[in-house]
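S.K.: Hey, dropping coords.cif in here, mmCIF, C-alpha atoms:
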```cif
data_entry
loop_
_atom_site.label_atom_id
_atom_site.label_comp_id
_atom_site.auth_asym_id
_atom_site.auth_seq_id
_atom_site.Cartn_x
_atom_site.Cartn_y
_atom_site.Cartn_z
CA ASP W 1233 78.67 43.40 21.08
CA GLU W 1234 77.38 46.59 19.48
CA ASP W 1235 76.37 47.85 22.93
CA GLU W 1236 79.84 47.02 24.29
CA ALA W 1237 81.54 48.82 21.39
CA ALA W 1238 79.33 51.90 21.90
CA LEU W 1239 80.12 51.83 25.62
CA GLU W 1240 83.87 51.59 25.00
CA GLU W 1241 83.60 54.64 22.73
CA LEU W 1242 81.94 56.63 25.54
CA LEU W 1243 84.66 55.53 27.95
CA ALA W 1244 87.54 56.57 25.65
CA PRO W 1245 90.21 58.84 27.21
CA SER W 1246 88.91 62.35 27.78
CA PRO W 1247 90.30 65.32 25.85
CA LEU W 1248 89.89 67.30 29.09
CA ALA W 1249 92.13 65.11 31.20
CA PRO W 1250 95.42 66.73 32.18
CA GLY W 1251 98.29 64.68 30.75
CA PRO W 1252 99.72 61.75 32.72
CA GLY W 1253 102.92 63.69 33.47
CA ALA W 1254 103.81 65.49 36.69
CA GLN W 1255 102.19 68.82 37.56
CA ARG W 1256 103.86 71.42 39.78
CA VAL W 1257 100.98 73.51 41.06
CA ALA W 1258 100.54 76.91 42.67
CA VAL W 1259 97.37 76.79 44.81
CA VAL W 1260 95.65 80.19 44.94
CA HIS W 1261 92.73 80.92 47.27
CA PRO W 1262 90.64 84.09 46.79
CA ALA W 1263 89.77 85.09 50.37
CA VAL W 1264 86.46 86.96 50.52
CA LYS W 1265 86.81 89.38 53.42
CA TRP W 1266 83.13 90.24 53.88
CA GLY W 1267 79.69 90.06 52.27
CA PRO W 1268 77.31 87.19 51.39
CA GLN W 1269 80.06 85.10 49.71
CA LYS W 1270 82.11 84.79 52.91
CA SER W 1271 81.43 81.52 54.74
CA PRO W 1272 80.92 82.05 58.50
CA LEU W 1273 81.91 78.42 59.28
CA THR W 1274 85.46 78.39 57.93
CA THR W 1275 88.65 80.35 57.38
CA ALA W 1276 90.83 81.00 54.32
CA GLU W 1277 93.62 78.90 55.90
CA LEU W 1278 91.34 75.86 56.27
CA GLN W 1279 89.93 76.32 52.76
CA ILE W 1280 93.38 76.40 51.18
CA ALA W 1281 94.43 73.40 53.29
CA GLU W 1282 91.57 71.40 51.73
CA ALA W 1283 92.60 72.61 48.24
CA VAL W 1284 96.17 71.40 48.94
CA ALA W 1285 94.75 68.03 50.12
CA LEU W 1286 92.90 67.72 46.80
CA VAL W 1287 96.14 68.26 44.83
CA ASP W 1288 98.01 65.82 47.10
CA THR W 1289 95.44 63.15 46.18
CA LEU W 1290 96.71 63.12 42.60
CA GLN W 1291 99.74 61.03 41.71
CA ASN W 1292 102.73 63.05 40.43
CA TRP W 1293 101.08 66.37 41.37
CA THR W 1294 102.99 68.53 43.86
CA VAL W 1295 102.17 71.87 45.46
CA LEU W 1296 104.93 74.43 44.86
CA ASP W 1297 103.26 77.22 46.83
CA LYS W 1298 99.95 78.13 48.45
CA ILE W 1299 98.87 81.73 48.15
CA ILE W 1300 95.94 83.47 49.87
CA ILE W 1301 94.94 86.74 48.15
CA PRO W 1302 92.01 88.90 49.32
CA THR W 1303 89.17 89.81 46.95
CA LYS W 1304 85.87 91.64 47.26
CA ASN W 1305 84.17 89.81 44.39
CA PRO W 1306 85.60 86.49 43.12
CA ASN W 1307 83.08 86.46 40.24
CA LYS W 1308 84.66 89.30 38.27
CA LYS W 1309 86.74 88.73 35.13
CA PHE W 1310 90.18 88.65 36.79
CA VAL W 1311 88.81 87.39 40.17
CA PHE W 1312 90.99 89.90 42.08
CA GLY W 1313 91.36 93.69 42.14
CA LYS W 1314 94.00 95.22 39.83
CA GLY W 1315 96.74 95.66 42.49
CA ASN W 1316 96.30 92.20 44.04
CA PHE W 1317 96.17 90.60 40.60
CA GLN W 1318 99.52 92.16 39.74
CA VAL W 1319 101.10 90.99 43.03
CA LEU W 1320 99.76 87.47 42.41
CA THR W 1321 101.01 87.40 38.79
CA GLU W 1322 104.53 88.37 39.92
CA LYS W 1323 104.48 85.63 42.61
CA ILE W 1324 103.42 82.98 40.09
CA LYS W 1325 106.00 84.08 37.50
CA LYS W 1326 108.78 83.76 40.12
CA LEU W 1327 107.87 80.16 41.05
CA PRO W 1328 110.45 77.67 39.72
CA HIS W 1329 109.11 75.32 37.02
CA VAL W 1330 105.40 75.99 37.79
CA THR W 1331 103.21 74.05 35.32
CA ALA W 1332 99.67 74.94 36.52
CA VAL W 1333 97.62 77.14 38.86
CA PHE W 1334 94.75 75.72 40.93
CA LEU W 1335 92.35 78.59 41.65
CA ASN W 1336 90.26 77.44 44.60
CA VAL W 1337 86.82 78.50 43.34
CA GLU W 1338 83.95 76.25 42.28
CA ARG W 1339 83.93 77.19 38.58
CA ILE W 1340 85.58 79.85 36.42
CA SER W 1341 84.09 80.93 33.11
CA SER W 1342 85.89 80.03 29.88
CA LEU W 1343 86.59 83.77 29.36
CA THR W 1344 88.20 84.16 32.81
CA LYS W 1345 90.20 80.95 32.30
CA LYS W 1346 91.52 82.26 28.96
CA GLU W 1347 92.50 85.65 30.45
CA LEU W 1348 94.24 84.10 33.48
CA GLU W 1349 96.13 81.58 31.36
CA ARG W 1350 97.28 84.40 29.07
CA ALA W 1351 98.50 86.42 32.11
CA TRP W 1352 100.22 83.53 33.91
CA GLY W 1353 101.39 81.45 30.93
CA VAL W 1354 100.21 78.09 32.42
CA PRO W 1355 96.92 76.11 32.51
CA VAL W 1356 94.46 77.24 35.22
CA PHE W 1357 92.24 74.69 36.98
CA ASP W 1358 89.20 75.35 39.20
CA ARG W 1359 87.69 73.00 41.83
CA TYR W 1360 85.40 71.43 39.24
CA THR W 1361 88.35 70.47 37.02
CA VAL W 1362 90.51 69.16 39.88
CA VAL W 1363 87.74 67.16 41.59
CA LEU W 1364 86.65 65.78 38.22
CA HIS W 1365 90.23 64.68 37.52
CA ILE W 1366 90.39 62.96 40.93
CA PHE W 1367 87.13 61.19 40.07
CA ARG W 1368 88.58 60.25 36.68
CA CYS W 1369 91.68 58.73 38.32
CA ASN W 1370 89.63 56.84 40.95
CA ALA W 1371 86.82 55.54 38.71
CA ARG W 1372 87.07 51.75 38.58
CA THR W 1373 83.72 50.50 37.27
CA LYS W 1374 81.94 51.31 34.00
CA GLU W 1375 79.25 53.16 35.94
CA ALA W 1376 81.71 55.47 37.72
CA LYS W 1377 83.51 56.13 34.42
CA LEU W 1378 80.21 56.97 32.71
CA GLN W 1379 79.27 59.33 35.55
CA VAL W 1380 82.61 61.12 35.13
CA ALA W 1381 81.97 61.36 31.37
CA LEU W 1382 78.55 62.89 32.10
CA ALA W 1383 80.06 65.42 34.51
CA GLU W 1384 82.52 66.47 31.77
CA ILE W 1385 79.76 67.60 29.37
CA PRO W 1386 79.36 71.12 30.91
CA LEU W 1387 83.14 71.63 30.65
CA LEU W 1388 83.16 70.47 27.03
CA ARG W 1389 80.34 72.95 26.28
CA SER W 1390 82.25 75.75 27.99
CA ASN W 1391 85.44 74.88 26.05
CA LEU W 1392 83.45 74.80 22.81
CA LYS W 1393 82.18 78.36 23.31
CA ASN W 1394 85.73 79.48 23.94
CA GLU W 1395 86.99 77.71 20.81
CA VAL W 1396 84.22 79.20 18.65
CA SER W 1397 84.87 82.75 19.91
CA GLN W 1398 88.58 82.29 19.03
CA ARG W 1399 87.69 81.01 15.54
CA ASP W 1400 85.35 83.96 15.01
CA GLN W 1401 88.09 86.42 15.98
CA GLN W 1402 90.59 84.76 13.66
CA ARG W 1403 88.27 84.26 10.68
CA GLY W 1404 85.86 87.15 11.05
CA GLY W 1405 82.61 85.31 11.78
CA SER W 1406 81.47 81.68 11.96
CA ARG W 1407 81.31 79.60 8.77
CA TYR W 1408 78.74 77.02 7.74
CA ILE W 1409 80.11 73.51 7.42
CA MET W 1410 80.28 72.22 3.84
CA GLY W 1411 76.95 73.79 2.94
CA SER W 1412 75.11 71.77 5.61
CA GLY W 1413 73.27 74.81 6.97
CA GLU W 1414 74.82 74.19 10.38
CA THR W 1415 77.47 76.37 11.94
CA PHE W 1416 80.49 74.75 13.62
CA LEU W 1417 78.95 75.62 17.04
CA GLU W 1418 75.59 74.04 16.14
CA THR W 1419 77.27 70.86 14.85
CA GLN W 1420 79.47 70.46 17.94
CA ASN W 1421 76.55 71.19 20.28
CA ARG W 1422 74.51 68.51 18.52
CA VAL W 1423 77.41 66.03 18.90
CA LEU W 1424 77.59 66.85 22.63
CA ARG W 1425 73.79 66.47 23.05
CA GLU W 1426 73.97 63.05 21.35
CA ARG W 1427 76.90 62.03 23.54
CA GLU W 1428 75.06 63.13 26.70
CA LEU W 1429 71.97 61.15 25.65
CA LYS W 1430 74.06 58.01 24.99
CA ILE W 1431 75.74 58.32 28.42
CA ARG W 1432 72.39 58.82 30.19
CA ASN W 1433 70.92 55.80 28.37
CA ALA W 1434 73.92 53.63 29.31
CA LEU W 1435 73.61 54.78 32.95
CA GLU W 1436 69.87 54.04 32.88
CA LYS W 1437 70.60 50.45 31.76
CA LEU W 1438 73.04 50.04 34.65
CA ARG W 1439 70.49 51.62 37.00
CA ARG W 1440 67.84 49.09 35.96
CA LYS W 1441 70.33 46.27 36.49
CA ARG W 1442 71.04 47.59 40.00
CA ALA W 1443 67.29 47.86 40.70
CA LEU W 1444 67.01 44.16 39.81
CA LEU W 1445 69.83 43.28 42.21
CA ARG W 1446 68.13 45.44 44.85
CA THR W 1447 64.87 43.50 44.38
CA GLN W 1448 66.74 40.22 44.81
CA ARG W 1449 68.31 41.56 48.01
CA ARG W 1450 64.87 42.59 49.25
CA LYS W 1451 63.62 39.02 48.67
CA CYS W 1452 66.44 37.77 50.90
CA GLU W 1453 65.24 40.42 53.40
CA PHE W 1454 68.74 41.68 54.17
CA PRO W 1455 68.42 45.11 55.79
CA MET W 1456 70.57 47.80 54.14
CA VAL W 1457 72.61 50.40 56.03
CA SER W 1458 74.07 53.28 53.97
CA VAL W 1459 77.28 54.67 55.47
CA MET W 1460 77.73 58.31 54.48
CA GLY W 1461 79.95 61.24 55.40
CA TYR W 1462 82.38 63.90 54.28
CA THR W 1463 85.22 62.61 52.15
CA ASN W 1464 88.00 60.98 54.22
CA SER W 1465 85.87 60.82 57.40
CA GLY W 1466 86.64 57.11 57.84
CA LYS W 1467 83.57 55.44 56.26
CA THR W 1468 85.48 52.53 54.68
CA THR W 1469 87.52 51.97 57.87
CA LEU W 1470 84.28 51.84 59.89
CA ILE W 1471 82.69 49.33 57.49
CA LYS W 1472 85.84 47.18 57.66
CA ALA W 1473 85.64 47.27 61.48
CA LEU W 1474 81.90 46.40 61.50
CA THR W 1475 82.17 43.55 58.99
CA GLY W 1476 85.70 42.22 59.56
CA GLU W 1477 86.12 42.18 55.77
CA ALA W 1478 89.88 41.79 55.28
CA GLY W 1479 89.77 42.73 51.59
CA LEU W 1480 88.67 46.31 52.32
CA GLN W 1481 91.67 48.62 52.06
CA PRO W 1482 90.81 52.13 53.33
CA ARG W 1483 93.01 54.92 51.90
CA ASP W 1484 93.82 58.17 53.67
CA GLN W 1485 92.85 60.42 50.78
CA LEU W 1486 89.93 62.40 49.41
CA PHE W 1487 87.44 60.52 47.21
CA ALA W 1488 89.07 57.10 47.64
CA THR W 1489 85.54 55.61 47.25
CA LEU W 1490 83.61 56.50 44.09
CA ASP W 1491 81.53 53.40 43.48
CA ILE W 1492 78.81 52.08 45.73
CA THR W 1493 80.10 48.88 47.32
CA ALA W 1494 78.11 46.46 49.51
CA HIS W 1495 79.58 44.52 52.45
CA ALA W 1496 77.87 41.88 54.61
CA GLY W 1497 78.01 42.09 58.38
CA SER W 1498 76.03 40.83 61.34
CA LEU W 1499 74.42 42.51 64.34
CA PRO W 1500 74.38 41.39 68.03
CA SER W 1501 71.33 39.14 67.41
CA HIS W 1502 73.25 37.55 64.45
CA MET W 1503 70.90 39.30 62.02
CA ALA W 1504 72.66 39.65 58.65
CA VAL W 1505 72.90 43.23 57.37
CA ILE W 1506 74.41 44.86 54.27
CA TYR W 1507 76.58 47.97 54.75
CA VAL W 1508 76.76 50.20 51.68
CA ASP W 1509 79.87 52.38 51.23
CA THR W 1510 79.12 55.59 49.34
CA ILE W 1511 80.98 58.49 47.70
CA GLY W 1512 82.20 61.14 50.15
CA PHE W 1513 80.99 64.74 50.09
CA LEU W 1514 82.93 67.99 49.79
CA THR W 1515 82.10 71.63 50.53
CA ASP W 1516 81.31 73.45 47.26
CA LEU W 1517 81.20 70.14 45.39
CA PRO W 1518 80.04 71.41 42.01
CA HIS W 1519 76.34 70.79 41.37
CA ASN W 1520 76.93 68.99 38.06
CA LEU W 1521 79.19 66.47 39.80
CA VAL W 1522 76.57 65.71 42.45
CA GLU W 1523 73.94 65.37 39.72
CA SER W 1524 76.16 63.00 37.70
CA PHE W 1525 76.55 60.74 40.71
CA SER W 1526 72.86 60.90 41.71
CA ALA W 1527 72.35 57.44 40.13
CA THR W 1528 74.88 56.06 42.61
CA LEU W 1529 73.40 58.02 45.50
CA GLU W 1530 69.83 56.91 44.73
CA GLU W 1531 70.75 53.57 46.33
CA VAL W 1532 70.65 55.45 49.65
CA ALA W 1533 66.90 56.11 49.26
CA TYR W 1534 66.28 52.36 49.36
CA SER W 1535 68.27 51.71 52.51
CA ASP W 1536 66.68 51.01 55.89
CA LEU W 1537 69.07 53.24 57.82
CA ILE W 1538 71.72 55.93 57.24
CA VAL W 1539 74.87 56.07 59.37
CA HIS W 1540 76.51 59.52 59.14
CA VAL W 1541 80.24 59.29 59.93
CA ARG W 1542 82.04 62.45 61.09
CA ASP W 1543 85.77 62.99 61.54
CA ILE W 1544 85.51 64.66 64.92
CA THR W 1545 89.18 65.71 64.89
CA HIS W 1546 88.78 67.90 61.80
CA PRO W 1547 88.75 71.65 62.54
CA GLU W 1548 85.81 72.08 60.13
CA THR W 1549 83.74 69.16 61.41
CA VAL W 1550 80.66 71.42 61.92
CA LEU W 1551 80.85 72.73 58.34
CA GLN W 1552 81.38 69.18 57.07
CA LYS W 1553 78.24 68.01 58.89
CA ALA W 1554 76.24 70.90 57.37
CA THR W 1555 77.54 69.96 53.89
CA VAL W 1556 76.54 66.29 54.21
CA LEU W 1557 73.07 67.12 55.59
CA SER W 1558 72.53 69.67 52.82
CA VAL W 1559 73.34 67.08 50.10
CA LEU W 1560 71.15 64.45 51.79
CA ARG W 1561 68.21 66.89 51.94
CA ASN W 1562 68.68 67.67 48.24
CA LEU W 1563 68.45 63.97 47.38
CA ASN W 1564 64.76 64.07 48.42
CA LEU W 1565 65.17 61.07 50.71
CA PRO W 1566 62.15 59.76 52.65
CA SER W 1567 61.78 61.81 55.86
CA HIS W 1568 61.90 58.70 58.09
CA LEU W 1569 65.44 57.99 56.81
CA LEU W 1570 66.64 61.48 57.75
CA ASP W 1571 64.87 61.36 61.12
CA SER W 1572 66.29 57.96 62.14
CA MET W 1573 69.88 58.69 61.01
CA VAL W 1574 72.65 57.51 63.36
CA GLU W 1575 75.46 60.05 63.85
CA VAL W 1576 78.88 58.55 64.50
CA HIS W 1577 81.78 60.65 65.82
CA ASN W 1578 84.85 58.84 64.48
CA LYS W 1579 88.58 59.07 65.38
CA VAL W 1580 87.90 59.73 69.10
CA ASP W 1581 91.18 57.94 69.91
CA LEU W 1582 92.87 61.20 68.81
CA VAL W 1583 90.89 63.38 71.28
CA GLU W 1584 91.44 63.07 75.02
CA ARG W 1585 88.30 62.10 77.03
CA TYR W 1586 85.95 62.92 74.15
CA LYS W 1587 82.23 63.36 74.89
CA PRO W 1588 79.81 64.13 72.01
CA ALA W 1589 78.00 67.46 72.40
CA GLU W 1590 75.05 66.05 70.39
CA GLU W 1591 72.71 64.00 72.56
CA ASN W 1592 72.23 61.02 70.21
CA ALA W 1593 75.73 60.82 68.70
CA LEU W 1594 77.94 57.77 69.31
CA ALA W 1595 81.69 58.15 69.85
CA VAL W 1596 83.81 55.50 68.09
CA SER W 1597 87.30 54.77 66.90
CA ALA W 1598 86.91 52.63 63.78
CA LEU W 1599 90.67 52.06 63.74
CA HIS W 1600 90.91 50.76 67.33
CA GLY W 1601 87.41 49.25 67.72
CA HIS W 1602 86.28 51.63 70.49
CA GLY W 1603 82.47 51.99 70.75
CA LEU W 1604 81.66 49.49 67.97
CA GLU W 1605 79.47 47.19 70.11
CA GLU W 1606 77.30 50.15 71.22
CA LEU W 1607 77.06 51.23 67.57
CA LYS W 1608 75.97 47.75 66.44
CA GLN W 1609 73.29 47.67 69.16
CA GLU W 1610 72.00 51.09 68.07
CA ILE W 1611 71.96 49.99 64.40
CA GLU W 1612 70.06 46.82 65.34
CA LYS W 1613 67.48 48.76 67.36
CA LYS W 1614 66.89 51.22 64.49
CA ILE W 1615 66.79 48.41 61.87
CA LEU W 1616 64.15 46.48 63.84
CA THR W 1617 62.01 49.64 64.04
CA ALA W 1618 62.54 50.54 60.35
CA THR W 1619 61.81 47.06 58.96
CA GLY W 1620 59.10 46.04 61.41
CA LYS W 1621 61.11 42.89 62.22
CA LYS W 1622 60.85 41.22 65.63
CA ILE W 1623 63.23 38.93 67.53
CA LEU W 1624 61.14 36.08 69.02
CA THR W 1625 61.56 32.69 70.63
CA VAL W 1626 58.86 30.14 69.75
CA ASN W 1627 58.15 26.67 71.11
CA ILE W 1628 57.56 24.20 68.27
CA ASN W 1629 56.71 20.52 67.81
CA LEU W 1630 59.56 18.90 65.86
CA GLU W 1631 57.17 16.49 64.11
CA GLY W 1632 55.16 19.35 62.64
CA PRO W 1633 55.96 21.70 59.70
CA GLN W 1634 56.79 24.72 61.88
CA LEU W 1635 60.59 24.50 61.78
CA SER W 1636 60.84 24.16 57.99
CA TRP W 1637 58.27 27.02 57.65
CA LEU W 1638 60.40 29.26 59.89
CA TYR W 1639 63.57 28.43 57.94
CA LYS W 1640 61.76 29.42 54.74
CA GLU W 1641 59.92 32.56 55.92
CA ALA W 1642 62.14 33.98 58.70
CA THR W 1643 65.78 34.05 59.85
CA VAL W 1644 66.39 31.21 62.30
CA GLN W 1645 69.03 32.21 64.86
CA GLU W 1646 69.20 29.30 67.31
CA VAL W 1647 67.46 25.94 67.74
CA GLU W 1648 67.48 24.37 71.22
CA VAL W 1649 66.07 20.82 71.01
CA MET W 1650 64.25 19.23 73.97
CA PRO W 1651 64.52 15.49 73.06
CA GLU W 1652 62.43 14.29 76.01
CA ASP W 1653 59.18 15.70 74.58
CA GLY W 1654 60.09 16.16 70.86
CA THR W 1655 59.93 19.97 70.99
CA ALA W 1656 62.40 22.80 70.37
CA ARG W 1657 62.82 26.44 71.34
CA VAL W 1658 63.63 28.42 68.21
CA LYS W 1659 64.96 31.98 68.23
CA VAL W 1660 64.01 33.82 65.01
CA ILE W 1661 64.05 37.25 63.40
CA ILE W 1662 60.75 37.64 61.60
CA GLY W 1663 59.00 40.38 59.61
CA SER W 1664 55.56 41.58 60.77
CA SER W 1665 53.64 40.09 57.78
CA ALA W 1666 55.38 36.69 58.18
CA PHE W 1667 54.67 36.84 61.94
CA GLY W 1668 50.97 37.39 61.21
CA ARG W 1669 50.92 34.38 58.87
CA TYR W 1670 52.75 32.25 61.47
CA LYS W 1671 50.13 33.04 64.17
CA ASN W 1672 47.31 32.16 61.77
CA LEU W 1673 48.91 28.87 60.66
CA PHE W 1674 50.07 27.77 64.12
CA PRO W 1675 47.65 29.34 66.65
CA ASN W 1676 48.69 26.99 69.48
CA SER W 1677 52.42 27.80 69.27
CA LYS W 1678 53.91 29.42 72.37
CA ILE W 1679 55.65 32.72 71.56
CA PHE W 1680 58.12 34.60 73.76
CA MET W 1681 59.19 38.15 72.85
CA SER W 1682 62.96 38.73 73.16
#
```
Show me, as structure tokens, the structure contained in the file I just sent.

M.R.:
Amino acid sequence: DEDEAALEELLAPSPLAPGPGAQRVAVVHPAVKWGPQKSPLTTAELQIAEAVALVDTLQNWTVLDKIIIPTKNPNKKFVFGKGNFQVLTEKIKKLPHVTAVFLNVERISSLTKKELERAWGVPVFDRYTVVLHIFRCNARTKEAKLQVALAEIPLLRSNLKNEVSQRDQQRGGSRYIMGSGETFLETQNRVLRERELKIRNALEKLRRKRALLRTQRRKCEFPMVSVMGYTNSGKTTLIKALTGEAGLQPRDQLFATLDITAHAGSLPSHMAVIYVDTIGFLTDLPHNLVESFSATLEEVAYSDLIVHVRDITHPETVLQKATVLSVLRNLNLPSHLLDSMVEVHNKVDLVERYKPAEENALAVSALHGHGLEELKQEIEKKILTATGKKILTVNINLEGPQLSWLYKEATVQEVEVMPEDGTARVKVIIGSSAFGRYKNLFPNSKIFMS
């Protein structure tokens, strides 16, 4: 009960969350014209389109205007040069009933945020704040909520520095609290450190619980397939198509999936397999957010295969692929997982006569079922290699212990009884160690490789 109460306290509404009311947002994108900060794989128009899609994800948030303004160095105090900043300020001031500005950069410092809010007279959000708020709205389980709370800590620290500098200006220097020997900043930093430790401990407990569930799954020998991709690439739709799970409701929005969810399916040989749906990725997804969700993503390291889903219709599909691969490499996954990855080009029904440029990619339409049988065959082939499992047919004597042994130690697919001589042909999926034991126990059994 004490644990539950402590957990509820950690999951209390965040002071950082924008209010539940409507927001009318001006989306501003600083377009870097040249230099190392300019991405060669995208354009300002596509970047602002993604920023607008992020805002559209949030209920009651509407985009009033989208503004692209050039800058040489987005890291400076006012982000833009003096002339462009003035033009932008006038544009924002003229917008009817604007309540917030979304500045499409990864993070802005608390000082920059304060200066911009003073100039524009409304709250200013960066990508970190907006994505974090989307996560906050989509978090369903305790684990996802805790991960959001952990990702908020850097923002709380940043806000604290801002608050302390304002207090110092107003009061002429920081004051010690009630003779404790601690300044306000030191006390609040200690409170934040304690909160972070509590969140990490709570996540660790949940991680251990998941490790236990994973061990139980391993005992059942269900192979695991992690389905990954850029946010809104169609991962959930593909899993629904592969498993036929009617309860799965894919949503056409960014970050619809935050929690790892597992779904049972079967492959052409009737081998049972578990598909794991994971959080989507985003270009410039702030590092702290990725780190907060690393507990969720660690499940991927224990899978037998990764399926990388790409929305092939998206104009930035190449950049999206680079983003996903970059995050996967940073997760320090076993090299065999990265080498055996299956690349799926989704939404091919929207492209006339589509042929993948990549040699090993499979073209599918998760929505219309195109290419799913080929994908299942490819998954089965890779799973058999990864797990060392074999598909065999064995001749057994029905009076002996072989059949009950196979039911216990392998996955029996089909049993064809020959009543005239009391034997049966049994099709099984069997792991290499179990196969070795079978040959030792029943050396006279006839075995046919499928």

S.K.: Restricting the calculation to all atoms listed in the file, which member of W:Glu1530, W:Asp1536, W:Glu1241, W:Glu1641 is positioned closest to Ile1611 in chain W?

M.R.: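 Once distances to Ile1611 in chain W are computed over all atoms listed in the file, the minimum belongs to W:Asp1536.
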
S.K.: Taking all atoms listed in the file into account, which of W:Ile1299, W:Val1626, W:Ile1544, W:Gln1552 comes nearest Tyr1586 in chain W?

M.R.: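 Using all atoms listed in the file, the shortest distance to Tyr1586 in chain W belongs to W:Ile1544.
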
S.K.: Tell me which protein, DNA and RNA residues are within 8 Å of Phe1334 in chain W, counting only C-alpha atoms, leaving out same-chain ones fewer than 4 positions away, and put them as an MDAnalysis selection string.

M.R.: chainID W and resid 1257:1260 1356:1359 1362

S.K.: What does the distance from CA of Val1550 in chain W to CA of Thr1274 in chain W come to in Å, to one decimal?

M.R.: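 Rounded to one decimal, the two atoms are 9.4 Å apart.
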
S.K.: For a test of reading the model, state the distance in Å between CA of Val1580 in chain W and CA of Ile1471 in chain W, rounded to one decimal.

M.R.: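 These atoms are spaced 16.4 Å apart.
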
S.K.: Applied to this file, what does the PyMOL selection byres ((chain W and resi 1311) around 12) return in terms of residues, put as a PyMOL selection string?

M.R.: chain W and resi 1260-1264+1301-1310+1312-1318+1320+1335-1337+1339-1341+1343-1345+1347-1348

S.K.: Would you export the selected residues with C-alpha atoms as a JSON list (two decimals), keeping the file's coordinate frame, please?

M.R.:
```json
[["chain", "number", "residue", "atom", "x", "y", "z"],
["W", 1260, "VAL", "CA", 95.65, 80.19, 44.94],
["W", 1261, "HIS", "CA", 92.73, 80.92, 47.27],
["W", 1262, "PRO", "CA", 90.64, 84.09, 46.79],
["W", 1263, "ALA", "CA", 89.77, 85.09, 50.37],
["W", 1264, "VAL", "CA", 86.46, 86.96, 50.52],
["W", 1301, "ILE", "CA", 94.94, 86.74, 48.15],
["W", 1302, "PRO", "CA", 92.01, 88.90, 49.32],
["W", 1303, "THR", "CA", 89.17, 89.81, 46.95],
["W", 1304, "LYS", "CA", 85.87, 91.64, 47.26],
["W", 1305, "ASN", "CA", 84.17, 89.81, 44.39],
["W", 1306, "PRO", "CA", 85.60, 86.49, 43.12],
["W", 1307, "ASN", "CA", 83.08, 86.46, 40.24],
["W", 1308, "LYS", "CA", 84.66, 89.30, 38.27],
["W", 1309, "LYS", "CA", 86.74, 88.73, 35.13],
["W", 1310, "PHE", "CA", 90.18, 88.65, 36.79],
["W", 1312, "PHE", "CA", 90.99, 89.90, 42.08],
["W", 1313, "GLY", "CA", 91.36, 93.69, 42.14],
["W", 1314, "LYS", "CA", 94.00, 95.22, 39.83],
["W", 1315, "GLY", "CA", 96.74, 95.66, 42.49],
["W", 1316, "ASN", "CA", 96.30, 92.20, 44.04],
["W", 1317, "PHE", "CA", 96.17, 90.60, 40.60],
["W", 1318, "GLN", "CA", 99.52, 92.16, 39.74],
["W", 1320, "LEU", "CA", 99.76, 87.47, 42.41],
["W", 1335, "LEU", "CA", 92.35, 78.59, 41.65],
["W", 1336, "ASN", "CA", 90.26, 77.44, 44.60],
["W", 1337, "VAL", "CA", 86.82, 78.50, 43.34],
["W", 1339, "ARG", "CA", 83.93, 77.19, 38.58],
["W", 1340, "ILE", "CA", 85.58, 79.85, 36.42],
["W", 1341, "SER", "CA", 84.09, 80.93, 33.11],
["W", 1343, "LEU", "CA", 86.59, 83.77, 29.36],
["W", 1344, "THR", "CA", 88.20, 84.16, 32.81],
["W", 1345, "LYS", "CA", 90.20, 80.95, 32.30],
["W", 1347, "GLU", "CA", 92.50, 85.65, 30.45],
["W", 1348, "LEU", "CA", 94.24, 84.10, 33.48]]
```

S.K.: Kindly resolve the PyMOL selection byres ((chain W and resi 1364) around 8) on the present coordinates and return the residues as a PDB file with C-alpha atoms, in the frame of the given file.

M.R.:
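Wrote it out as expr_9.pdb, contents follow:
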```
ATOM      1  CA  TYR W1360      85.400  71.430  39.240  1.00  0.00           C
ATOM      2  CA  THR W1361      88.350  70.470  37.020  1.00  0.00           C
ATOM      3  CA  VAL W1362      90.510  69.160  39.880  1.00  0.00           C
ATOM      4  CA  VAL W1363      87.740  67.160  41.590  1.00  0.00           C
ATOM      5  CA  HIS W1365      90.230  64.680  37.520  1.00  0.00           C
ATOM      6  CA  ILE W1366      90.390  62.960  40.930  1.00  0.00           C
ATOM      7  CA  PHE W1367      87.130  61.190  40.070  1.00  0.00           C
ATOM      8  CA  ARG W1368      88.580  60.250  36.680  1.00  0.00           C
ATOM      9  CA  VAL W1380      82.610  61.120  35.130  1.00  0.00           C
ATOM     10  CA  ALA W1383      80.060  65.420  34.510  1.00  0.00           C
ATOM     11  CA  GLU W1384      82.520  66.470  31.770  1.00  0.00           C
ATOM     12  CA  LEU W1521      79.190  66.470  39.800  1.00  0.00           C
TER      13      LEU W1521
END
```

S.K.: Quick one: everything within 7 Å of Val1459 in chain W, counting all atoms listed in the file, minus sequence neighbours fewer than 5 positions away in the same chain. Send it as a list in words.

M.R.: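 Answer for this query is Lys1467, Tyr1507, Val1508, Asp1509, Thr1510, Ile1538, Val1539 and His1540 of chain W.
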